[in-house]
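As provided, input-v7.pdb (PDB, C-alpha atoms) reads as follows.
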```pdb
ATOM      1  CA  MET A   1      19.728  38.528 161.798
ATOM      2  CA  ALA A   2      20.418  38.473 158.052
ATOM      3  CA  TRP A   3      17.189  36.577 157.369
ATOM      4  CA  TRP A   4      15.219  39.080 159.459
ATOM      5  CA  LYS A   5      16.680  42.061 157.597
ATOM      6  CA  ALA A   6      15.943  40.391 154.252
ATOM      7  CA  TRP A   7      12.357  39.704 155.346
ATOM      8  CA  VAL A   8      11.801  43.295 156.490
ATOM      9  CA  GLU A   9      13.334  44.633 153.274
ATOM     10  CA  GLN A  10      10.931  42.488 151.250
ATOM     11  CA  GLU A  11       8.026  43.700 153.370
ATOM     12  CA  GLY A  12       9.038  47.292 152.646
ATOM     13  CA  LEU A  13       8.256  46.930 148.942
ATOM     14  CA  SER A  14       4.873  48.264 147.829
ATOM     15  CA  VAL A  15       5.562  47.144 144.238
ATOM     16  CA  LYS A  16       6.844  43.579 143.931
ATOM     17  CA  GLY A  17       6.117  42.841 140.299
ATOM     18  CA  SER A  18       4.252  39.944 138.726
ATOM     19  CA  PRO A  19       5.208  36.442 139.933
ATOM     20  CA  HIS A  20       4.244  34.884 136.586
ATOM     21  CA  PHE A  21       5.709  37.523 134.333
ATOM     22  CA  ASN A  22       5.751  37.469 130.536
ATOM     23  CA  PRO A  23       6.697  40.758 128.840
ATOM     24  CA  ASP A  24       5.142  39.954 125.447
ATOM     25  CA  PRO A  25       1.440  40.071 126.406
ATOM     26  CA  ASP A  26       2.098  43.152 128.555
ATOM     27  CA  ALA A  27       3.722  44.903 125.593
ATOM     28  CA  GLU A  28       0.759  43.956 123.410
ATOM     29  CA  THR A  29      -1.683  45.287 126.000
ATOM     30  CA  LEU A  30       0.150  48.618 126.058
ATOM     31  CA  TYR A  31       0.271  48.801 122.271
ATOM     32  CA  LYS A  32      -3.479  48.226 121.983
ATOM     33  CA  ALA A  33      -4.115  50.764 124.773
ATOM     34  CA  MET A  34      -2.385  53.476 122.736
ATOM     35  CA  LYS A  35      -3.247  52.418 119.179
ATOM     36  CA  GLY A  36      -5.647  54.488 117.090
ATOM     37  CA  ILE A  37      -7.940  57.211 118.376
ATOM     38  CA  GLY A  38      -8.148  57.522 122.141
ATOM     39  CA  THR A  39      -6.066  55.951 124.898
ATOM     40  CA  ASN A  40      -6.978  53.301 127.452
ATOM     41  CA  GLU A  41      -5.288  54.877 130.455
ATOM     42  CA  GLN A  42      -6.509  52.241 132.895
ATOM     43  CA  ALA A  43      -4.854  49.462 130.896
ATOM     44  CA  ILE A  44      -1.577  51.387 131.034
ATOM     45  CA  ILE A  45      -1.933  51.860 134.790
ATOM     46  CA  ASP A  46      -2.732  48.176 135.347
ATOM     47  CA  VAL A  47       0.429  47.065 133.562
ATOM     48  CA  LEU A  48       3.057  49.627 134.548
ATOM     49  CA  THR A  49       2.160  50.114 138.231
ATOM     50  CA  ARG A  50       1.999  46.361 138.895
ATOM     51  CA  ARG A  51       5.350  45.412 137.435
ATOM     52  CA  SER A  52       8.793  45.874 138.939
ATOM     53  CA  SER A  53      11.335  48.213 137.372
ATOM     54  CA  THR A  54      13.229  45.249 135.918
ATOM     55  CA  GLN A  55      10.026  43.861 134.428
ATOM     56  CA  ARG A  56       9.184  47.245 132.873
ATOM     57  CA  GLN A  57      12.563  47.256 131.122
ATOM     58  CA  GLN A  58      11.759  43.852 129.640
ATOM     59  CA  ILE A  59       8.340  45.092 128.522
ATOM     60  CA  ALA A  60      10.021  48.034 126.770
ATOM     61  CA  LYS A  61      12.354  45.648 124.906
ATOM     62  CA  SER A  62       9.413  43.453 123.860
ATOM     63  CA  PHE A  63       7.431  46.536 122.759
ATOM     64  CA  LYS A  64      10.319  47.620 120.540
ATOM     65  CA  ALA A  65      10.812  44.104 119.125
ATOM     66  CA  GLN A  66       7.097  43.539 118.394
ATOM     67  CA  PHE A  67       6.033  46.982 117.190
ATOM     68  CA  GLY A  68       9.244  48.813 116.264
ATOM     69  CA  LYS A  69       8.536  51.695 118.649
ATOM     70  CA  ASN A  70      10.134  53.083 121.767
ATOM     71  CA  LEU A  71       7.693  52.579 124.646
ATOM     72  CA  THR A  72       8.719  55.689 126.584
ATOM     73  CA  ASP A  73       8.397  57.893 123.506
ATOM     74  CA  THR A  74       4.980  56.381 122.778
ATOM     75  CA  LEU A  75       3.816  57.116 126.326
ATOM     76  CA  LYS A  76       4.992  60.720 125.971
ATOM     77  CA  SER A  77       3.062  61.145 122.722
ATOM     78  CA  GLU A  78      -0.166  59.604 124.051
ATOM     79  CA  LEU A  79      -0.322  60.949 127.610
ATOM     80  CA  SER A  80      -0.043  64.411 129.130
ATOM     81  CA  GLY A  81       0.404  66.348 132.329
ATOM     82  CA  LYS A  82       1.195  64.815 135.693
ATOM     83  CA  PHE A  83      -0.037  61.382 134.612
ATOM     84  CA  GLU A  84       2.462  61.368 131.735
ATOM     85  CA  LYS A  85       5.269  62.456 134.067
ATOM     86  CA  LEU A  86       4.472  59.611 136.464
ATOM     87  CA  MET A  87       4.243  56.917 133.776
ATOM     88  CA  VAL A  88       7.478  58.070 132.136
ATOM     89  CA  ALA A  89       9.228  58.093 135.538
ATOM     90  CA  LEU A  90       8.281  54.425 135.950
ATOM     91  CA  MET A  91      10.092  53.552 132.722
ATOM     92  CA  TYR A  92      13.511  54.643 133.999
ATOM     93  CA  PRO A  93      15.792  52.122 135.720
ATOM     94  CA  GLN A  94      16.218  53.204 139.362
ATOM     95  CA  TYR A  95      19.625  54.869 139.210
ATOM     96  CA  ARG A  96      19.013  56.457 135.808
ATOM     97  CA  TYR A  97      15.836  57.995 137.176
ATOM     98  CA  GLU A  98      17.659  59.499 140.145
ATOM     99  CA  ALA A  99      20.436  60.729 137.844
ATOM    100  CA  LYS A 100      17.776  62.376 135.671
ATOM    101  CA  GLU A 101      16.189  64.058 138.693
ATOM    102  CA  LEU A 102      19.575  65.466 139.708
ATOM    103  CA  HIS A 103      20.293  66.636 136.164
ATOM    104  CA  ASP A 104      16.878  68.304 135.883
ATOM    105  CA  ALA A 105      17.394  69.984 139.254
ATOM    106  CA  MET A 106      20.590  71.649 138.007
ATOM    107  CA  LYS A 107      19.858  72.444 134.362
ATOM    108  CA  GLY A 108      18.837  75.917 133.272
ATOM    109  CA  LEU A 109      18.736  78.957 135.522
ATOM    110  CA  GLY A 110      18.811  78.254 139.235
ATOM    111  CA  THR A 111      19.267  74.997 141.116
ATOM    112  CA  LYS A 112      16.620  73.071 143.042
ATOM    113  CA  GLU A 113      18.828  72.526 146.077
ATOM    114  CA  GLY A 114      16.097  70.644 147.931
ATOM    115  CA  VAL A 115      16.007  67.890 145.296
ATOM    116  CA  VAL A 116      19.796  67.549 145.213
ATOM    117  CA  ILE A 117      20.097  67.432 149.002
ATOM    118  CA  GLU A 118      17.197  64.971 149.287
ATOM    119  CA  ILE A 119      18.861  62.462 146.966
ATOM    120  CA  LEU A 120      22.464  62.884 148.109
ATOM    121  CA  ALA A 121      21.679  62.839 151.827
ATOM    122  CA  SER A 122      19.392  59.800 151.759
ATOM    123  CA  ARG A 123      21.281  57.302 149.580
ATOM    124  CA  THR A 124      23.963  54.829 150.606
ATOM    125  CA  LYS A 125      27.524  55.017 149.364
ATOM    126  CA  LYS A 126      26.841  52.162 146.922
ATOM    127  CA  GLN A 127      23.660  53.824 145.649
ATOM    128  CA  LEU A 128      25.486  57.116 145.107
ATOM    129  CA  GLU A 129      28.197  55.316 143.140
ATOM    130  CA  GLU A 130      25.534  53.810 140.866
ATOM    131  CA  ILE A 131      23.818  57.183 140.449
ATOM    132  CA  MET A 132      27.124  58.858 139.553
ATOM    133  CA  LYS A 133      27.860  56.116 137.019
ATOM    134  CA  ALA A 134      24.404  56.472 135.408
ATOM    135  CA  TYR A 135      24.743  60.274 135.390
ATOM    136  CA  GLU A 136      28.037  60.184 133.510
ATOM    137  CA  GLU A 137      26.746  57.593 131.021
ATOM    138  CA  ASP A 138      23.579  59.566 130.256
ATOM    139  CA  TYR A 139      24.857  63.160 130.315
ATOM    140  CA  GLY A 140      28.540  62.861 129.463
ATOM    141  CA  THR A 141      29.763  64.785 132.507
ATOM    142  CA  SER A 142      30.464  63.831 136.093
ATOM    143  CA  LEU A 143      27.852  64.608 138.728
ATOM    144  CA  GLU A 144      30.485  66.118 141.003
ATOM    145  CA  GLU A 145      31.696  68.466 138.269
ATOM    146  CA  ASP A 146      28.153  69.600 137.481
ATOM    147  CA  ILE A 147      27.454  70.266 141.153
ATOM    148  CA  GLN A 148      30.638  72.319 141.388
ATOM    149  CA  ALA A 149      29.741  74.226 138.218
ATOM    150  CA  ASP A 150      26.167  74.908 139.298
ATOM    151  CA  THR A 151      26.691  75.823 142.954
ATOM    152  CA  SER A 152      29.241  77.800 144.913
ATOM    153  CA  GLY A 153      30.507  78.571 148.382
ATOM    154  CA  TYR A 154      29.338  76.614 151.392
ATOM    155  CA  LEU A 155      26.527  74.870 149.453
ATOM    156  CA  GLU A 156      28.948  73.471 146.877
ATOM    157  CA  LYS A 157      31.219  72.151 149.621
ATOM    158  CA  ILE A 158      28.325  70.517 151.497
ATOM    159  CA  LEU A 159      27.008  68.794 148.373
ATOM    160  CA  VAL A 160      30.448  67.524 147.348
ATOM    161  CA  CYS A 161      31.000  66.223 150.874
ATOM    162  CA  LEU A 162      27.684  64.390 150.704
ATOM    163  CA  LEU A 163      28.579  62.934 147.324
ATOM    164  CA  GLN A 164      31.854  61.635 148.706
ATOM    165  CA  GLY A 165      30.250  60.456 151.958
ATOM    166  CA  SER A 166      31.140  57.125 153.505
ATOM    167  CA  ARG A 167      27.824  55.994 154.936
ATOM    168  CA  ASP A 168      27.209  52.345 154.066
ATOM    169  CA  ASP A 169      23.553  52.020 155.021
ATOM    170  CA  ALA A 170      20.591  54.361 154.607
ATOM    171  CA  SER A 171      18.012  51.591 154.612
ATOM    172  CA  GLY A 172      16.530  52.407 157.993
ATOM    173  CA  PHE A 173      18.077  49.454 159.829
ATOM    174  CA  VAL A 174      19.737  51.560 162.493
ATOM    175  CA  ASP A 175      20.476  50.573 166.076
ATOM    176  CA  PRO A 176      18.281  52.963 168.100
ATOM    177  CA  GLU A 177      21.026  53.446 170.685
ATOM    178  CA  LEU A 178      23.490  54.545 168.012
ATOM    179  CA  ALA A 179      21.109  56.615 165.878
ATOM    180  CA  LEU A 180      21.730  59.956 167.589
ATOM    181  CA  GLN A 181      25.486  59.432 167.644
ATOM    182  CA  ASP A 182      25.446  58.500 163.944
ATOM    183  CA  ALA A 183      23.535  61.668 163.148
ATOM    184  CA  GLN A 184      25.949  63.812 165.118
ATOM    185  CA  ASP A 185      28.949  62.105 163.503
ATOM    186  CA  LEU A 186      27.530  62.683 160.003
ATOM    187  CA  TYR A 187      26.792  66.321 160.785
ATOM    188  CA  ALA A 188      30.273  66.856 162.172
ATOM    189  CA  ALA A 189      32.030  65.079 159.297
ATOM    190  CA  VAL A 190      30.358  67.177 156.610
ATOM    191  CA  PHE A 191      30.927  70.492 158.331
ATOM    192  CA  GLU A 192      34.474  69.666 159.467
ATOM    193  CA  GLU A 193      35.326  68.769 155.861
ATOM    194  CA  TYR A 194      33.928  72.109 154.739
ATOM    195  CA  GLU A 195      36.040  73.975 157.282
ATOM    196  CA  LYS A 196      39.132  72.019 156.214
ATOM    197  CA  ILE A 197      38.591  72.963 152.554
ATOM    198  CA  ALA A 198      37.549  76.573 153.142
ATOM    199  CA  ASN A 199      39.838  77.212 156.141
ATOM    200  CA  LYS A 200      36.898  78.811 157.946
ATOM    201  CA  SER A 201      33.546  77.825 159.401
ATOM    202  CA  ILE A 202      30.376  77.917 157.302
ATOM    203  CA  GLU A 203      28.949  80.554 159.623
ATOM    204  CA  ASP A 204      32.057  82.727 159.220
ATOM    205  CA  SER A 205      31.918  82.302 155.420
ATOM    206  CA  ILE A 206      28.339  83.539 155.342
ATOM    207  CA  LYS A 207      29.040  86.455 157.672
ATOM    208  CA  ASN A 208      31.980  87.535 155.528
ATOM    209  CA  GLU A 209      30.058  87.268 152.254
ATOM    210  CA  THR A 210      26.623  88.583 153.249
ATOM    211  CA  HIS A 211      25.048  91.205 155.484
ATOM    212  CA  GLY A 212      21.814  91.925 157.305
ATOM    213  CA  SER A 213      18.706  90.010 156.305
ATOM    214  CA  LEU A 214      20.574  88.047 153.596
ATOM    215  CA  GLU A 215      23.098  86.808 156.156
ATOM    216  CA  GLU A 216      20.249  85.759 158.435
ATOM    217  CA  ALA A 217      18.490  83.960 155.578
ATOM    218  CA  MET A 218      21.638  82.091 154.546
ATOM    219  CA  LEU A 219      22.301  80.943 158.101
ATOM    220  CA  THR A 220      18.721  79.655 158.223
ATOM    221  CA  VAL A 221      19.359  77.637 155.055
ATOM    222  CA  VAL A 222      22.444  76.050 156.634
ATOM    223  CA  LYS A 223      20.404  75.029 159.672
ATOM    224  CA  THR A 224      17.712  73.572 157.395
ATOM    225  CA  GLN A 225      20.263  71.532 155.455
ATOM    226  CA  SER A 226      21.825  70.332 158.695
ATOM    227  CA  SER A 227      18.368  69.210 159.810
ATOM    228  CA  VAL A 228      17.980  67.124 156.632
ATOM    229  CA  LEU A 229      21.267  65.338 157.311
ATOM    230  CA  LEU A 230      20.236  64.550 160.857
ATOM    231  CA  LYS A 231      16.778  63.300 159.847
ATOM    232  CA  CYS A 232      18.165  61.022 157.142
ATOM    233  CA  THR A 233      20.527  59.376 159.604
ATOM    234  CA  ARG A 234      18.152  59.143 162.555
ATOM    235  CA  ASN A 235      15.118  57.733 160.751
ATOM    236  CA  LEU A 236      15.016  57.592 156.978
ATOM    237  CA  HIS A 237      11.375  56.502 156.900
ATOM    238  CA  SER A 238      10.336  59.511 158.971
ATOM    239  CA  TYR A 239      12.262  61.785 156.616
ATOM    240  CA  PHE A 240      10.462  60.475 153.521
ATOM    241  CA  ALA A 241       7.108  60.476 155.323
ATOM    242  CA  GLU A 242       7.657  64.159 156.050
ATOM    243  CA  ARG A 243       8.656  64.878 152.438
ATOM    244  CA  LEU A 244       5.474  63.224 151.177
ATOM    245  CA  TYR A 245       3.270  64.959 153.743
ATOM    246  CA  TYR A 246       4.513  68.447 152.924
ATOM    247  CA  ALA A 247       4.306  67.701 149.199
ATOM    248  CA  MET A 248       0.521  67.575 149.668
ATOM    249  CA  LYS A 249      -0.142  69.764 152.697
ATOM    250  CA  GLY A 250      -1.777  73.132 152.128
ATOM    251  CA  ALA A 251      -2.698  74.785 148.840
ATOM    252  CA  GLY A 252      -1.298  73.120 145.733
ATOM    253  CA  THR A 253       0.721  69.942 145.362
ATOM    254  CA  ARG A 254       4.474  69.567 144.879
ATOM    255  CA  ASP A 255       3.987  66.888 142.251
ATOM    256  CA  GLY A 256       7.686  66.520 141.478
ATOM    257  CA  THR A 257       8.411  65.586 145.094
ATOM    258  CA  LEU A 258       5.364  63.318 145.289
ATOM    259  CA  ILE A 259       6.207  61.416 142.091
ATOM    260  CA  ARG A 260       9.940  61.156 142.792
ATOM    261  CA  ASN A 261       9.567  59.772 146.286
ATOM    262  CA  ILE A 262       6.778  57.313 145.520
ATOM    263  CA  VAL A 263       8.508  55.995 142.391
ATOM    264  CA  SER A 264      11.990  55.800 143.916
ATOM    265  CA  ARG A 265      10.913  54.196 147.222
ATOM    266  CA  SER A 266       8.195  51.823 145.907
ATOM    267  CA  GLU A 267      10.701  48.999 145.466
ATOM    268  CA  ILE A 268      12.730  49.792 148.572
ATOM    269  CA  ASP A 269      10.752  50.776 151.656
ATOM    270  CA  LEU A 270       7.502  52.566 150.778
ATOM    271  CA  ASN A 271       5.434  50.212 152.954
ATOM    272  CA  LEU A 272       7.585  51.159 155.958
ATOM    273  CA  ILE A 273       7.311  54.844 155.045
ATOM    274  CA  LYS A 274       3.496  54.461 154.922
ATOM    275  CA  CYS A 275       3.470  53.075 158.468
ATOM    276  CA  GLN A 276       5.610  55.941 159.697
ATOM    277  CA  PHE A 277       3.430  58.429 157.817
ATOM    278  CA  GLN A 278       0.305  57.211 159.616
ATOM    279  CA  LYS A 279       2.081  57.247 162.967
ATOM    280  CA  MET A 280       3.327  60.804 162.478
ATOM    281  CA  TYR A 281       0.231  62.431 160.952
ATOM    282  CA  GLY A 282      -2.722  60.318 162.088
ATOM    283  CA  LYS A 283      -3.863  59.653 158.529
ATOM    284  CA  THR A 284      -2.853  57.312 155.745
ATOM    285  CA  LEU A 285      -0.733  58.284 152.778
ATOM    286  CA  SER A 286      -3.477  56.951 150.501
ATOM    287  CA  SER A 287      -6.108  59.198 152.070
ATOM    288  CA  MET A 288      -3.975  62.290 151.432
ATOM    289  CA  ILE A 289      -3.391  61.232 147.831
ATOM    290  CA  VAL A 290      -7.158  60.780 147.341
ATOM    291  CA  GLY A 291      -7.814  64.236 148.752
ATOM    292  CA  ASP A 292      -5.043  65.989 146.853
ATOM    293  CA  THR A 293      -4.958  64.399 143.382
ATOM    294  CA  SER A 294      -7.488  63.219 140.818
ATOM    295  CA  GLY A 295      -8.175  61.077 137.756
ATOM    296  CA  ASP A 296      -5.687  58.667 136.221
ATOM    297  CA  TYR A 297      -2.838  60.352 138.086
ATOM    298  CA  LYS A 298      -4.503  59.573 141.417
ATOM    299  CA  ASN A 299      -5.316  55.976 140.437
ATOM    300  CA  ALA A 300      -1.750  55.295 139.340
ATOM    301  CA  LEU A 301      -0.303  56.747 142.570
ATOM    302  CA  LEU A 302      -2.681  54.646 144.672
ATOM    303  CA  ASN A 303      -1.644  51.483 142.807
ATOM    304  CA  LEU A 304       2.012  52.224 143.522
ATOM    305  CA  VAL A 305       1.361  52.991 147.186
ATOM    306  CA  GLY A 306      -0.717  49.849 147.694
ATOM    307  CA  SER A 307      -3.039  48.978 150.564
ATOM    308  CA  ASP A 308      -3.082  50.907 153.818
ATOM    309  CA  PRO A 309      -0.993  49.562 156.710
TER     310      PRO A 309
END
```

Render the structure in this file as structure tokens.
Amino acid sequence: MAWWKAWVEQEGLSVKGSPHFNPDPDAETLYKAMKGIGTNEQAIIDVLTRRSSTQRQQIAKSFKAQFGKNLTDTLKSELSGKFEKLMVALMYPQYRYEAKELHDAMKGLGTKEGVVIEILASRTKKQLEEIMKAYEEDYGTSLEEDIQADTSGYLEKILVCLLQGSRDDASGFVDPELALQDAQDLYAAVFEEYEKIANKSIEDSIKNETHGSLEEAMLTVVKTQSSVLLKCTRNLHSYFAERLYYAMKGAGTRDGTLIRNIVSRSEIDLNLIKCQFQKMYGKTLSSMIVGDTSGDYKNALLNLVGSDP
């Protein structure tokens, strides 16, 4: 079965990189695209969206060696808006990008709990270890300490439990007969750990600390977070399909969610997510991107997503 899993994992990639890769001409193409007055955005899209993350790192090294400039900084100075955010996201190595997203979600006033829960609940133990390592290297503090400093009460305990979780596989290769049991076990483990630490249930904590409509709202949040844990364990591809769908559904676009999930899953399982997306919503991911975005930003997203299933 190992060969079958490896084949499916390869099929899940929407970005596979160039088979005949040479970073030097790519770096030169990017330099010319941003040299002088005006920028050739399409040339940038053609290079960066059709290379793997590892290949982009090599292009950045060649760019620095040939032209004495940092490629990411040059992109920031030449591009703007959502297109800039997407192109810069592509320049991060995988785990450094996810560490950055977690750091951004917790810096300043307020915490974007949805981003933190999305990343912590959907990554494997090994992936979380790599993210924590990258986080400490880049920001000089531990991810666990920052979560504890930035959150409190039941939410802090849930997030720390997720960070210390023992799941070995979040790739989607789950035995259908065991999926529900796995989800229930994960749910129970997180909430039992909370009760062990706090010496009370999450529901009791909320009832003791809040009243009326606030208590009701907090209990709703707990149920929502529980739902995320269950979805991630039952069917990871369905979970990400749902995240992408609601990032574009209705008025406005949650561009942070759209960019993060397309960039982070493009070299893991985005093709499988696309299939699940079409099955769940009766439309392709590409068609929603076309209807909800525009210009160079749209073209770059479509290149990363690839052809329809």

Query raised in the report: Rounded to one decimal in Å, what is the spacing between atom CA of A:Lys61 and atom CA of A:Pro25?
Result: 12.3 Å

**Report entry** Å distance separating atom CA of A:Leu120 from atom CA of A:Ala241, one decimal place
**Finding:**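 Here the two named atoms are 17.1 Å from each other.
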
Report summary line: Nearest to A:Lys64, restricted to all atoms listed in the file and choosing among A:Ala89, A:Ala27, A:Ala300, A:Leu79, comes out as A:Ala27

Query raised in the report: Looking at all atoms listed in the file, which of A:Lys107, A:Arg50, A:Lys76, A:Arg123 is the one that sits closest to A:Ser264?
Result: A:Arg123

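The space between atom CA of A:Val115 and atom CA of A:Leu102 spans 7.1 Å.
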
Enclose all atoms of stretch 74-79 of chain A listed in the file in an axis-aligned box, grow every side by 5 Å, and hand back centre and edge lengths in Å to one decimal, as JSON.
```
{"center_x": 2.3, "center_y": 58.8, "center_z": 125.2, "size_x": 15.3, "size_y": 14.8, "size_z": 14.9}
```

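Nearest-residue note for A:Gly17: choosing from A:Ala99, A:Leu162, A:Leu30, A:Val47, the minimum distance belongs to A:Val47, counting all atoms listed in the file.
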
Report task. Give as an MDAnalysis selection string every residue, naming chains and numbers as the document does, that has an atom within 12 Å of (-2.3, 45.7, 133.0), counting only C-alpha atoms. Result -> chainID A and resid 17:18 21:23 25:33 40:51 56 59 300 303

Query raised in the report: Quick one: of A:Ile268, A:Met132, A:Leu301, A:Met280, who's nearest to A:Tyr239, counting all atoms listed in the file?
Result: A:Met280

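Near A:Tyr245, within 9 Å and counting all atoms listed in the file, sit Phe240, Ala241, Glu242, Met248, Lys249, Leu258, Phe277, Tyr281, Leu285 and Met288 of chain A, not including residues fewer than 3 positions from it in the same chain.
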
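Nearest to A:Glu267 of all the residues A:His103, A:Lys16, A:Lys126, A:Lys69 is A:Lys16, based on only C-alpha atoms.
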
What residues come out when you apply the PyMOL selection byres ((chain A and resi 286) around 9) to this file, written as an mmCIF file with C-alpha atoms, in the coordinates of the input?
```
data_model
loop_
_atom_site.group_PDB
_atom_site.id
_atom_site.type_symbol
_atom_site.label_atom_id
_atom_site.label_comp_id
_atom_site.auth_asym_id
_atom_site.auth_seq_id
_atom_site.Cartn_x
_atom_site.Cartn_y
_atom_site.Cartn_z
ATOM 1 C CA LYS A 274 3.496 54.461 154.922
ATOM 2 C CA LYS A 283 -3.863 59.653 158.529
ATOM 3 C CA THR A 284 -2.853 57.312 155.745
ATOM 4 C CA LEU A 285 -0.733 58.284 152.778
ATOM 5 C CA SER A 287 -6.108 59.198 152.070
ATOM 6 C CA MET A 288 -3.975 62.290 151.432
ATOM 7 C CA ILE A 289 -3.391 61.232 147.831
ATOM 8 C CA VAL A 290 -7.158 60.780 147.341
ATOM 9 C CA GLY A 291 -7.814 64.236 148.752
ATOM 10 C CA LEU A 301 -0.303 56.747 142.570
ATOM 11 C CA LEU A 302 -2.681 54.646 144.672
ATOM 12 C CA VAL A 305 1.361 52.991 147.186
ATOM 13 C CA GLY A 306 -0.717 49.849 147.694
ATOM 14 C CA SER A 307 -3.039 48.978 150.564
ATOM 15 C CA ASP A 308 -3.082 50.907 153.818
#
```

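Counting only C-alpha atoms, the residue from A:Asp138, A:Glu118, A:Glu78, A:Asp73 that sits nearest to A:Tyr95 is A:Asp138.
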
Requested in this report: Could you expand the PyMOL selection byres ((chain A and resi 86) around 10) into the explicit residues it covers here, written as number ranges by chain?
Outcome: A: 49, 80-85, 87-91, 255-256, 258-260, 262-263, 297, 300-301

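For the file shown, the residue list from the PyMOL selection byres ((chain A and resi 106) around 10) reads Lys100, Glu101, Leu102, His103, Asp104, Ala105, Lys107, Gly108, Leu109, Gly110, Thr111, Lys112, Glu113, Val115, Val116, Asp146, Ile147, Ala149, Asp150 and Thr151 of chain A.
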